file structure_15.csv (CSV, C-alpha atoms and all ligand atoms)
chain,number,residue,atom,x,y,z
A,1,MET,CA,55.0,31.8,-44.9
A,2,LEU,CA,56.9,29.1,-46.7
A,3,GLY,CA,53.8,27.7,-48.2
A,4,ALA,CA,53.1,31.0,-49.9
A,5,LEU,CA,56.7,31.3,-51.0
A,6,ALA,CA,56.7,27.9,-52.6
A,7,GLY,CA,55.6,29.2,-56.0
A,8,ALA,CA,57.1,27.0,-58.6
A,9,THR,CA,59.2,29.7,-60.4
A,10,LEU,CA,60.7,31.1,-57.2
A,11,LEU,CA,61.8,27.7,-55.8
A,12,PRO,CA,64.9,27.2,-58.0
A,13,ALA,CA,66.3,30.6,-57.0
A,14,LEU,CA,65.7,30.0,-53.3
A,15,ALA,CA,67.3,26.6,-53.6
A,16,LEU,CA,70.6,28.1,-54.9
A,17,PRO,CA,72.6,29.4,-52.0
A,18,GLY,CA,74.7,32.5,-52.8
A,19,LEU,CA,72.5,33.5,-55.8
A,20,SER,CA,72.0,37.2,-55.5
A,21,HIS,CA,68.6,38.7,-55.2
A,22,ALA,CA,69.3,40.3,-58.6
A,23,ALA,CA,69.9,37.0,-60.3
A,24,ALA,CA,66.9,35.5,-58.5
A,25,ALA,CA,64.7,38.3,-59.8
A,26,ASP,CA,65.9,37.9,-63.3
A,27,ALA,CA,65.1,34.2,-63.2
A,28,ALA,CA,61.8,34.8,-61.4
A,29,GLU,CA,58.4,35.3,-62.9
A,30,PRO,CA,57.7,39.1,-63.4
A,31,LEU,CA,55.6,40.7,-60.7
A,32,LYS,CA,53.1,41.7,-63.3
A,33,GLU,CA,52.5,38.1,-64.3
A,34,ILE,CA,52.1,36.9,-60.8
A,35,ALA,CA,49.5,39.7,-60.3
A,36,ARG,CA,47.8,39.0,-63.6
A,37,ARG,CA,47.1,35.4,-62.8
A,38,LYS,CA,45.1,36.6,-59.9
A,39,GLY,CA,43.3,39.4,-61.8
A,40,LEU,CA,45.4,42.2,-60.3
A,41,ARG,CA,47.3,44.9,-62.1
A,42,PHE,CA,50.8,45.5,-60.7
A,43,GLY,CA,52.8,48.6,-61.4
A,44,THR,CA,54.6,51.7,-60.3
A,45,ALA,CA,54.9,55.5,-60.5
A,46,VAL,CA,57.4,56.7,-63.1
A,47,GLY,CA,59.1,60.1,-62.7
A,48,GLY,CA,60.0,62.1,-65.7
A,49,GLY,CA,63.7,62.7,-64.6
A,50,ARG,CA,66.9,61.4,-66.2
A,51,ASN,CA,67.2,58.6,-63.7
A,52,GLN,CA,63.7,57.2,-64.3
A,53,PHE,CA,61.8,57.8,-67.6
A,54,GLY,CA,65.1,59.1,-69.1
A,55,ASP,CA,67.1,56.0,-68.1
A,56,ALA,CA,66.9,53.0,-70.4
A,57,ALA,CA,67.8,50.5,-67.6
A,58,TYR,CA,65.1,51.8,-65.3
A,59,ARG,CA,62.6,51.8,-68.1
A,60,ALA,CA,63.5,48.2,-68.9
A,61,LEU,CA,63.0,47.2,-65.2
A,62,VAL,CA,59.5,48.9,-65.2
A,63,GLU,CA,58.6,47.2,-68.5
A,64,ARG,CA,59.7,43.8,-67.2
A,65,GLU,CA,57.9,44.0,-63.9
A,66,CYS,CA,54.9,46.3,-64.4
A,67,GLY,CA,51.5,46.1,-66.2
A,68,ILE,CA,50.4,49.6,-65.3
A,69,ILE,CA,52.2,52.9,-64.6
A,70,VAL,CA,51.2,56.3,-63.2
A,71,ALA,CA,53.1,59.6,-63.6
A,72,GLU,CA,54.9,60.7,-60.4
A,73,ASN,CA,54.3,64.4,-61.1
A,74,GLU,CA,53.6,64.9,-64.8
A,75,MET,CA,49.8,64.7,-64.7
A,76,LYS,CA,49.4,66.9,-61.6
A,77,TRP,CA,47.7,70.3,-62.3
A,78,GLN,CA,51.0,72.1,-61.6
A,79,GLY,CA,52.7,69.9,-64.1
A,80,LEU,CA,50.1,70.2,-66.8
A,81,GLU,CA,49.3,73.9,-66.4
A,82,PRO,CA,52.3,75.5,-64.6
A,83,ALA,CA,51.0,79.0,-65.7
A,84,ARG,CA,47.4,79.9,-66.4
A,85,ASP,CA,46.4,78.6,-69.9
A,86,ALA,CA,50.0,77.6,-70.7
A,87,TYR,CA,49.3,73.8,-71.0
A,88,ARG,CA,52.3,71.5,-71.1
A,89,PHE,CA,51.1,68.0,-72.0
A,90,GLY,CA,54.4,66.8,-73.6
A,91,PRO,CA,56.0,64.9,-70.6
A,92,ALA,CA,52.8,63.1,-69.7
A,93,ASP,CA,52.0,62.3,-73.3
A,94,ALA,CA,55.5,60.8,-73.8
A,95,MET,CA,54.9,58.5,-70.8
A,96,LEU,CA,51.5,57.5,-72.0
A,97,ALA,CA,52.8,56.7,-75.6
A,98,TRP,CA,55.6,54.6,-74.1
A,99,ALA,CA,53.2,52.7,-71.8
A,100,ARG,CA,50.8,51.9,-74.7
A,101,ASP,CA,53.7,50.9,-76.9
A,102,LYS,CA,54.8,48.4,-74.2
A,103,GLY,CA,51.3,47.1,-73.6
A,104,MET,CA,51.1,48.8,-70.2
A,105,ALA,CA,48.0,50.5,-68.8
A,106,MET,CA,48.3,54.0,-67.2
A,107,ARG,CA,46.2,55.7,-64.5
A,108,GLY,CA,45.8,59.4,-63.9
A,109,HIS,CA,47.1,61.2,-60.8
A,110,ASN,CA,45.7,63.6,-59.9
A,111,LEU,CA,43.0,66.2,-60.8
A,112,PHE,CA,42.9,68.0,-57.4
A,113,TRP,CA,45.5,67.9,-54.7
A,114,GLN,CA,43.9,69.6,-51.7
A,115,ALA,CA,46.9,71.0,-49.8
A,116,GLU,CA,47.2,74.5,-51.0
A,117,LYS,CA,51.0,74.3,-51.5
A,118,TRP,CA,50.4,71.5,-54.1
A,119,LEU,CA,47.9,73.6,-56.2
A,120,PRO,CA,49.6,75.6,-58.9
A,121,ALA,CA,50.8,78.9,-57.4
A,122,TRP,CA,48.7,80.8,-59.9
A,123,VAL,CA,45.5,79.2,-58.7
A,124,ALA,CA,46.2,80.4,-55.1
A,125,ARG,CA,46.7,83.9,-56.4
A,126,GLU,CA,43.8,83.9,-58.8
A,127,ASP,CA,41.2,86.7,-58.6
A,128,PHE,CA,37.9,84.9,-58.9
A,129,GLY,CA,36.0,88.2,-59.4
A,130,ALA,CA,32.7,89.5,-58.0
A,131,ASP,CA,31.2,86.0,-57.7
A,132,PRO,CA,34.0,83.8,-56.5
A,133,LYS,CA,31.8,80.7,-56.3
A,134,ARG,CA,31.0,80.9,-60.0
A,135,GLY,CA,34.6,81.7,-60.8
A,136,VAL,CA,35.9,78.7,-59.0
A,137,GLU,CA,33.3,76.4,-60.5
A,138,ALA,CA,34.3,77.7,-64.0
A,139,LEU,CA,38.0,77.1,-63.4
A,140,MET,CA,37.4,73.6,-62.0
A,141,ARG,CA,35.3,72.8,-65.0
A,142,LYS,CA,37.9,74.1,-67.5
A,143,HIS,CA,40.6,72.1,-65.7
A,144,VAL,CA,38.8,68.8,-65.6
A,145,LYS,CA,37.4,69.2,-69.1
A,146,THR,CA,40.7,70.1,-70.7
A,147,VAL,CA,42.7,67.3,-68.9
A,148,CYS,CA,40.1,64.5,-69.2
A,149,GLU,CA,39.3,65.3,-72.9
A,150,HIS,CA,43.1,65.4,-73.6
A,151,PHE,CA,43.7,61.9,-72.3
A,152,GLY,CA,40.3,60.5,-73.3
A,153,SER,CA,39.8,56.8,-72.7
A,154,ALA,CA,43.5,56.1,-72.5
A,155,LEU,CA,43.3,56.4,-68.7
A,156,ASP,CA,40.8,54.1,-67.1
A,157,SER,CA,41.3,55.3,-63.5
A,158,TRP,CA,41.8,58.8,-62.0
A,159,ASP,CA,42.7,60.0,-58.6
A,160,VAL,CA,40.1,62.8,-58.7
A,161,VAL,CA,40.8,64.3,-55.3
A,162,ASN,CA,44.1,63.7,-53.4
A,163,GLU,CA,44.7,64.1,-49.6
A,164,ALA,CA,41.6,66.1,-48.6
A,165,VAL,CA,41.8,65.2,-44.9
A,166,ASP,CA,44.2,66.9,-42.6
A,167,PRO,CA,45.8,64.1,-40.5
A,168,ALA,CA,46.3,66.4,-37.5
A,169,ASP,CA,42.6,66.8,-36.8
A,170,GLY,CA,40.7,64.7,-39.4
A,171,LYS,CA,39.0,67.8,-40.8
A,172,LEU,CA,38.9,68.7,-44.5
A,173,ARG,CA,41.7,70.9,-45.7
A,174,GLN,CA,40.9,74.4,-47.0
A,175,ASN,CA,42.5,76.0,-50.1
A,176,ALA,CA,41.8,78.6,-52.7
A,177,LEU,CA,39.1,76.4,-54.3
A,178,THR,CA,37.3,75.3,-51.1
A,179,ARG,CA,37.1,78.7,-49.5
A,180,PRO,CA,34.5,80.1,-51.9
A,181,LEU,CA,32.7,76.8,-52.4
A,182,GLY,CA,33.0,74.9,-49.1
A,183,ALA,CA,35.3,72.0,-48.7
A,184,ILE,CA,32.8,69.1,-49.1
A,185,GLU,CA,31.0,71.0,-52.0
A,186,GLN,CA,34.3,71.4,-53.8
A,187,ILE,CA,35.1,67.7,-53.5
A,188,ASP,CA,31.6,66.7,-54.6
A,189,LEU,CA,31.9,69.0,-57.6
A,190,ALA,CA,35.4,67.6,-58.5
A,191,PHE,CA,33.9,64.1,-58.7
A,192,ARG,CA,30.8,65.2,-60.7
A,193,LEU,CA,33.0,67.0,-63.2
A,194,ALA,CA,35.3,63.9,-63.5
A,195,HIS,CA,32.2,61.7,-64.1
A,196,GLU,CA,31.0,64.1,-66.8
A,197,TYR,CA,34.3,64.3,-68.7
A,198,ALA,CA,35.7,60.8,-68.0
A,199,PRO,CA,32.6,58.7,-67.7
A,200,HIS,CA,34.5,55.5,-68.5
A,201,ALA,CA,37.0,55.9,-65.7
A,202,GLN,CA,37.2,54.6,-62.2
A,203,LEU,CA,37.0,57.7,-59.9
A,204,VAL,CA,39.2,57.5,-56.9
A,205,TYR,CA,39.6,59.4,-53.6
A,206,ASN,CA,43.3,59.0,-52.7
A,207,ASP,CA,44.9,59.5,-49.3
A,208,TYR,CA,47.7,58.3,-47.0
A,209,MET,CA,46.0,57.2,-43.8
A,210,ARG,CA,47.6,54.2,-42.1
A,211,GLY,CA,46.8,51.7,-39.4
A,212,ASP,CA,49.0,53.2,-36.6
A,213,ALA,CA,47.8,55.2,-33.6
A,214,GLY,CA,49.2,58.4,-35.0
A,215,SER,CA,46.9,58.0,-38.0
A,216,ALA,CA,43.7,57.5,-36.0
A,217,ARG,CA,42.3,61.0,-36.7
A,218,HIS,CA,43.2,60.7,-40.3
A,219,ARG,CA,41.3,57.4,-40.7
A,220,ALA,CA,38.3,58.8,-38.9
A,221,GLY,CA,38.3,61.8,-41.1
A,222,VAL,CA,38.5,59.7,-44.3
A,223,LEU,CA,35.6,57.5,-43.1
A,224,ALA,CA,33.5,60.6,-42.4
A,225,LEU,CA,34.3,62.1,-45.8
A,226,LEU,CA,33.4,58.8,-47.6
A,227,ALA,CA,30.2,58.5,-45.6
A,228,GLU,CA,29.2,62.1,-46.5
A,229,LEU,CA,30.0,61.6,-50.2
A,230,LYS,CA,27.9,58.4,-50.2
A,231,LYS,CA,25.0,60.4,-48.6
A,232,ARG,CA,25.3,63.0,-51.3
A,233,GLY,CA,25.4,60.5,-54.1
A,234,THR,CA,28.8,61.7,-55.3
A,235,PRO,CA,30.2,59.4,-58.0
A,236,VAL,CA,33.2,58.0,-56.1
A,237,ASP,CA,34.1,54.4,-57.0
A,238,ALA,CA,37.1,53.6,-54.8
A,239,LEU,CA,39.5,54.6,-52.0
A,240,GLY,CA,43.1,54.8,-53.1
A,241,LEU,CA,45.3,53.5,-50.3
A,242,GLN,CA,48.6,55.4,-50.9
A,243,SER,CA,50.3,52.9,-48.6
A,244,HIS,CA,53.4,54.8,-47.6
A,245,ILE,CA,53.9,52.4,-44.8
A,246,GLY,CA,56.7,52.0,-42.2
A,247,SER,CA,57.7,54.6,-39.7
A,248,TRP,CA,56.3,58.0,-40.0
A,249,ASP,CA,55.2,59.5,-36.7
A,250,ASP,CA,56.8,59.6,-33.3
A,251,ILE,CA,53.5,59.8,-31.5
A,252,ASP,CA,54.0,56.7,-29.4
A,253,GLY,CA,57.8,57.0,-29.2
A,254,GLY,CA,58.4,54.2,-31.6
A,255,LYS,CA,56.7,51.7,-29.3
A,256,ASN,CA,54.5,50.5,-32.2
A,257,GLN,CA,57.5,49.0,-34.0
A,258,GLY,CA,57.4,45.7,-32.1
A,259,THR,CA,55.4,42.7,-33.1
A,260,SER,CA,52.5,43.4,-30.8
A,261,GLY,CA,52.4,47.1,-32.0
A,262,ARG,CA,52.3,45.9,-35.5
A,263,GLN,CA,49.5,43.4,-34.8
A,264,ARG,CA,47.5,46.2,-33.2
A,265,ASP,CA,48.0,48.5,-36.2
A,266,LEU,CA,47.0,45.7,-38.5
A,267,ALA,CA,43.8,45.1,-36.6
A,268,GLU,CA,43.0,48.8,-36.8
A,269,TRP,CA,43.7,48.7,-40.5
A,270,ARG,CA,41.4,45.8,-41.0
A,271,ARG,CA,38.6,47.6,-39.2
A,272,PHE,CA,39.2,50.6,-41.4
A,273,LEU,CA,39.1,48.6,-44.7
A,274,ASP,CA,36.0,46.7,-43.5
A,275,GLU,CA,34.2,50.1,-43.0
A,276,VAL,CA,35.3,51.4,-46.3
A,277,THR,CA,34.3,48.3,-48.3
A,278,GLY,CA,31.1,48.0,-46.1
A,279,MET,CA,30.1,51.4,-47.5
A,280,GLY,CA,30.4,49.9,-51.0
A,281,TYR,CA,33.7,51.5,-52.1
A,282,GLY,CA,36.4,49.6,-54.0
A,283,LEU,CA,40.0,49.7,-52.9
A,284,LEU,CA,43.4,50.1,-54.7
A,285,ILE,CA,47.0,50.4,-53.5
A,286,THR,CA,48.2,53.5,-55.3
A,287,GLU,CA,51.7,54.5,-53.9
A,288,PHE,CA,53.3,51.7,-51.9
A,289,ASP,CA,56.7,52.0,-50.3
A,290,VAL,CA,58.2,51.3,-46.9
A,291,ASN,CA,59.8,54.1,-44.8
A,292,ASP,CA,62.7,52.5,-43.0
A,293,ARG,CA,63.7,55.5,-40.8
A,294,ARG,CA,63.5,53.5,-37.5
A,295,LEU,CA,65.1,50.3,-38.7
A,296,PRO,CA,68.7,49.6,-38.0
A,297,ALA,CA,71.5,50.9,-40.3
A,298,ASP,CA,72.7,47.4,-41.1
A,299,ILE,CA,71.5,46.8,-44.6
A,300,ALA,CA,70.6,43.1,-44.2
A,301,ARG,CA,68.6,43.8,-41.0
A,302,ARG,CA,67.0,46.9,-42.5
A,303,ASP,CA,66.0,45.1,-45.7
A,304,ALA,CA,64.6,42.2,-43.7
A,305,GLY,CA,62.6,44.6,-41.6
A,306,VAL,CA,61.2,46.4,-44.6
A,307,ALA,CA,60.2,43.1,-46.2
A,308,ALA,CA,58.5,41.8,-43.1
A,309,ALA,CA,56.5,45.0,-42.6
A,310,ALA,CA,55.5,44.9,-46.3
A,311,ARG,CA,54.5,41.2,-46.0
A,312,ASP,CA,52.2,41.8,-43.1
A,313,TYR,CA,50.6,44.9,-44.7
A,314,LEU,CA,50.1,43.3,-48.1
A,315,ASP,CA,48.8,39.9,-46.8
A,316,LEU,CA,46.0,41.8,-45.1
A,317,THR,CA,45.4,44.5,-47.7
A,318,LEU,CA,45.5,42.2,-50.7
A,319,SER,CA,43.1,39.8,-48.9
A,320,TYR,CA,40.3,42.2,-50.1
A,321,PRO,CA,39.4,40.6,-53.5
A,322,GLY,CA,37.8,43.9,-54.7
A,323,LEU,CA,41.3,45.5,-54.8
A,324,ARG,CA,42.3,45.3,-58.4
A,325,ASP,CA,45.3,47.6,-58.8
A,326,PHE,CA,48.6,47.6,-56.8
A,327,LEU,CA,51.1,50.4,-57.6
A,328,LEU,CA,54.4,51.3,-56.0
A,329,TRP,CA,55.8,54.8,-55.7
A,330,GLY,CA,59.0,53.9,-57.4
A,331,MET,CA,60.9,50.7,-58.2
A,332,SER,CA,64.4,51.5,-56.9
A,333,ASP,CA,65.7,53.1,-53.7
A,334,ASN,CA,67.8,55.8,-55.5
A,335,ILE,CA,64.8,57.4,-57.2
A,336,SER,CA,62.4,57.3,-54.3
A,337,TRP,CA,60.8,60.5,-53.3
A,338,LEU,CA,61.7,59.6,-49.7
A,339,GLN,CA,65.4,60.4,-50.2
A,340,THR,CA,64.5,64.1,-50.3
A,341,TRP,CA,61.2,64.3,-48.5
A,342,ASP,CA,61.7,66.5,-45.4
A,343,GLU,CA,59.5,64.4,-43.1
A,344,ALA,CA,61.2,61.1,-44.0
A,345,PRO,CA,65.0,61.2,-43.3
A,346,ARG,CA,66.8,58.8,-41.1
A,347,LYS,CA,68.5,60.2,-38.0
A,348,ASP,CA,71.8,58.7,-39.3
A,349,LYS,CA,71.2,60.4,-42.6
A,350,LEU,CA,71.9,57.1,-44.5
A,351,PRO,CA,70.1,56.8,-47.8
A,352,MET,CA,66.6,55.2,-47.4
A,353,ARG,CA,65.8,51.7,-48.7
A,354,PRO,CA,62.0,51.8,-49.3
A,355,CYS,CA,61.7,50.1,-52.7
A,356,PRO,CA,62.0,46.5,-54.0
A,357,TYR,CA,65.2,47.3,-56.0
A,358,ASP,CA,68.4,49.0,-54.9
A,359,ALA,CA,70.3,51.8,-56.6
A,360,GLN,CA,72.0,49.3,-58.9
A,361,LEU,CA,68.6,47.9,-59.8
A,362,ARG,CA,69.3,44.7,-57.9
A,363,ALA,CA,66.3,43.0,-56.4
A,364,LYS,CA,66.0,43.2,-52.6
A,365,PRO,CA,64.0,41.1,-50.1
A,366,LEU,CA,61.1,43.5,-50.5
A,367,ARG,CA,60.7,42.2,-54.0
A,368,GLU,CA,60.3,38.6,-52.7
A,369,ALA,CA,57.9,39.8,-50.1
A,370,ILE,CA,55.7,41.5,-52.7
A,371,ALA,CA,55.9,38.4,-55.0
A,372,ALA,CA,55.0,36.1,-52.1
A,373,ALA,CA,52.1,38.2,-50.9
A,374,MET,CA,50.6,38.2,-54.4
A,375,ARG,CA,51.1,34.5,-54.8
A,376,GLY,CA,49.3,34.0,-51.5
A,377,MET,CA,46.4,36.3,-52.1
A,378,PRO,CA,43.0,35.2,-53.2
A,379,ALA,CA,42.0,35.7,-56.9
A,380,ARG,CA,40.3,39.0,-57.6
A,381,GLN,CA,36.6,39.2,-58.0
A,382,ALA,CA,35.5,39.2,-61.6
B,1,LIG,C1,55.4,63.4,-54.6
B,1,LIG,C2,56.5,63.1,-55.7
B,1,LIG,O1,57.0,61.8,-55.5
B,1,LIG,C3,57.6,64.2,-55.5
B,1,LIG,O2,58.5,64.1,-56.6
B,1,LIG,C4,57.0,65.6,-55.5
B,1,LIG,O3,57.9,66.5,-55.2
B,1,LIG,C5,55.9,65.7,-54.5
B,1,LIG,O4,54.9,64.7,-54.7
B,1,LIG,N1,51.4,61.5,-52.1
B,1,LIG,C6,51.1,61.7,-53.4
B,1,LIG,C7,52.1,61.9,-54.4
B,1,LIG,O5,49.9,61.7,-53.7
B,1,LIG,O6,51.7,62.7,-55.5
B,1,LIG,C8,53.4,62.4,-53.8
B,1,LIG,O7,54.4,62.5,-54.8
B,1,LIG,C9,53.8,61.6,-52.7
B,1,LIG,C10,52.8,61.6,-51.6
call {"tool": "encode", "arguments": {"input": "structure_15.csv", "output": "C-alpha cells", "more": "lines below"}}
Ligand code: XIL
result
Amino acid sequence: MLGALAGATLLPALALPGLSHAAAADAAEPLKEIARRKGLRFGTAVGGGRNQFGDAAYRALVERECGIIVAENEMKWQGLEPARDAYRFGPADAMLAWARDKGMAMRGHNLFWQAEKWLPAWVAREDFGADPKRGVEALMRKHVKTVCEHFGSALDSWDVVNEAVDPADGKLRQNALTRPLGAIEQIDLAFRLAHEYAPHAQLVYNDYMRGDAGSARHRAGVLALLAELKKRGTPVDALGLQSHIGSWDDIDGGKNQGTSGRQRDLAEWRRFLDEVTGMGYGLLITEFDVNDRRLPADIARRDAGVAAAARDYLDLTLSYPGLRDFLLWGMSDNISWLQTWDEAPRKDKLPMRPCPYDAQLRAKPLREAIAAAMRGMPARQA
C-alpha cells in the first residue's frame, strides 16, 4: 500500500504530522489530474440544490477535483418532462454550460429508469390507446429524440437504461412501458433509439449490483440481461457500475464485514467483472460512495473503515484498463443522497460519512484512498 501511496505530490503532506486532510488535499494534486495521467476521467454527480450547484464553495471543489460531471436528477425524465409535453431543460442546461465553461465533460443520466416509481407519474397514468404497443413505442421515440437532440454531441456517454434488474429475484422489472412491449423488448428498443438519436455517444446499461452474497441474484440477473442483449445485437457499449458500496443488506447478519468476508465478496466481484468484460462490454464507475451504516460511530475509525473498503474495491475495479470513467455520487458528506435515503440510515441515526469530503469541505481519508488507488492502477487502454 505504501508503494502506491508514495506519489511525489502526496509525500510532503504525509510527511507533515498534524497537517489536516484539508490542507493536504489543497496541496495535493487534483484527483482529475491523477486520473488524466492514466487516461481516466474522474468526476462526480452534481445536484441542482442550493448546497451543491447553487453553492460557490461546492462548485469550486468540483471544479478543482473533477474532469467530468453528471446531473444528480436534472436529466432524468421526471426532471426534464415533469408533466406531459412541459419540457424543463433549464437546470440541466445551466449545469452543462458551467461544465463546458470550466473545461469539464458531462455525461447523461438517464433516459429510462425502470422502477415504475422513478418514471414520471404521468407516464404511469398514460392511456396508450387501442394499440398500446404502438403508443409506448411512439412515446419512447419522442422522449429519446427530444432529449438526445436537445443535448446533441455535448454528452458523449448516456445511461440509456437504469436499474432494470430486480435485486430480489434477478428478473427484469415491469413498468408502464414494459407491460405492453415486454421487458427485454423495451430495453432493446431504448438502446436502438439512443443509437439512432445519439450515434456519437457511449451507450450504457447502469445498475447497482455488488460483490456481496446479498447481491448474488442481482449479479446473475444483470449477466443474463447483458447476454440476451448481446444475442439480440442491441447497441450497448458498457456496463455502468454504480458502486454504492459498503453495507447495504443484512442477509448474512453483518458477517461479511470482516476481512475474509470482504475477500470473498471481492472474488465474486472479480468473477462478475470478468464475465462482463468477457462478453465484450466496457465498464465505468458511475455513482461511487461508501455506505458506512455498520461501521463504528467514532469518526476516525469510521473514516478509516470507509477508506479501507474503498481502497479494496477500487484497486480491483480500476485494474480493468477498459474502465475509462470514474464518477462519485457527490463530493461531500452533507450533500449525499444517503443522508435521506430510507434504506441507508445508521441505527444510531448519526449523519453518514460516505464521501471524500466532510460537511465543511475538508478532505477525509477516503480522498487519499481514491488518489492512491488511481496512482496504483494501470494506464487505460488507448
Ligand atoms: C438519487 C438521487 O441522488 C436523489 O436525489 C433522488 O431523490 C433519487 O435518485 N441510483 C441512481 C441515481 O441511478 O439516479 C440515484 O440518485 C441513486 C441510486
call {"tool": "residues_near_ligand", "arguments": {"input": "structure_15.csv", "ligand": "ligand LIG 1 (chain B)", "cutoff": "6 Å", "atoms": "only C-alpha atoms and all ligand atoms", "output": "PyMOL selection string"}}
result
chain A and resi 72-73+337
call {"tool": "atom_distance", "arguments": {"input": "structure_15.csv", "atom1": "atom CA of A:Pro167", "atom2": "atom CA of A:Ala71"}}
result
24.6 Å
call {"tool": "closest_residue", "arguments": {"input": "structure_15.csv", "among": "A:Gly129, A:Gly170, A:Gly261, A:Gly47", "to": "A:His218", "atoms": "all atoms listed in the file"}}
result
A:Gly170
call {"tool": "closest_residue", "arguments": {"input": "structure_15.csv", "among": "A:Leu225, A:Ala309, A:Leu295, A:Met279", "to": "A:Leu266", "atoms": "only C-alpha atoms"}}
result
A:Ala309
call {"tool": "closest_atom_pairs", "arguments": {"input": "structure_15.csv", "of": "stretch 97-187 of chain A", "to": "stretch 84-87 of chain A", "cutoff": "10 Å", "atoms": "only C-alpha atoms", "output": "Markdown table"}}
result
| residue | atom | partner | partner_atom | distance |
| --- | --- | --- | --- | --- |
| A:Pro120 | CA | A:Arg84 | CA | 8.9 |
| A:Ala121 | CA | A:Arg84 | CA | 9.7 |
| A:Trp122 | CA | A:Arg84 | CA | 6.7 |
| A:Val123 | CA | A:Arg84 | CA | 8.0 |
| A:Glu126 | CA | A:Arg84 | CA | 9.3 |
| A:Lys142 | CA | A:Asp85 | CA | 9.9 |
| A:His143 | CA | A:Asp85 | CA | 9.7 |
| A:Thr146 | CA | A:Tyr87 | CA | 9.4 |
| A:Val147 | CA | A:Tyr87 | CA | 9.5 |
call {"tool": "closest_residue", "arguments": {"input": "structure_15.csv", "among": "A:Gly233, A:Pro321, A:Gly211, A:Gly280", "to": "A:Arg380", "atoms": "all atoms listed in the file"}}
result
A:Pro321
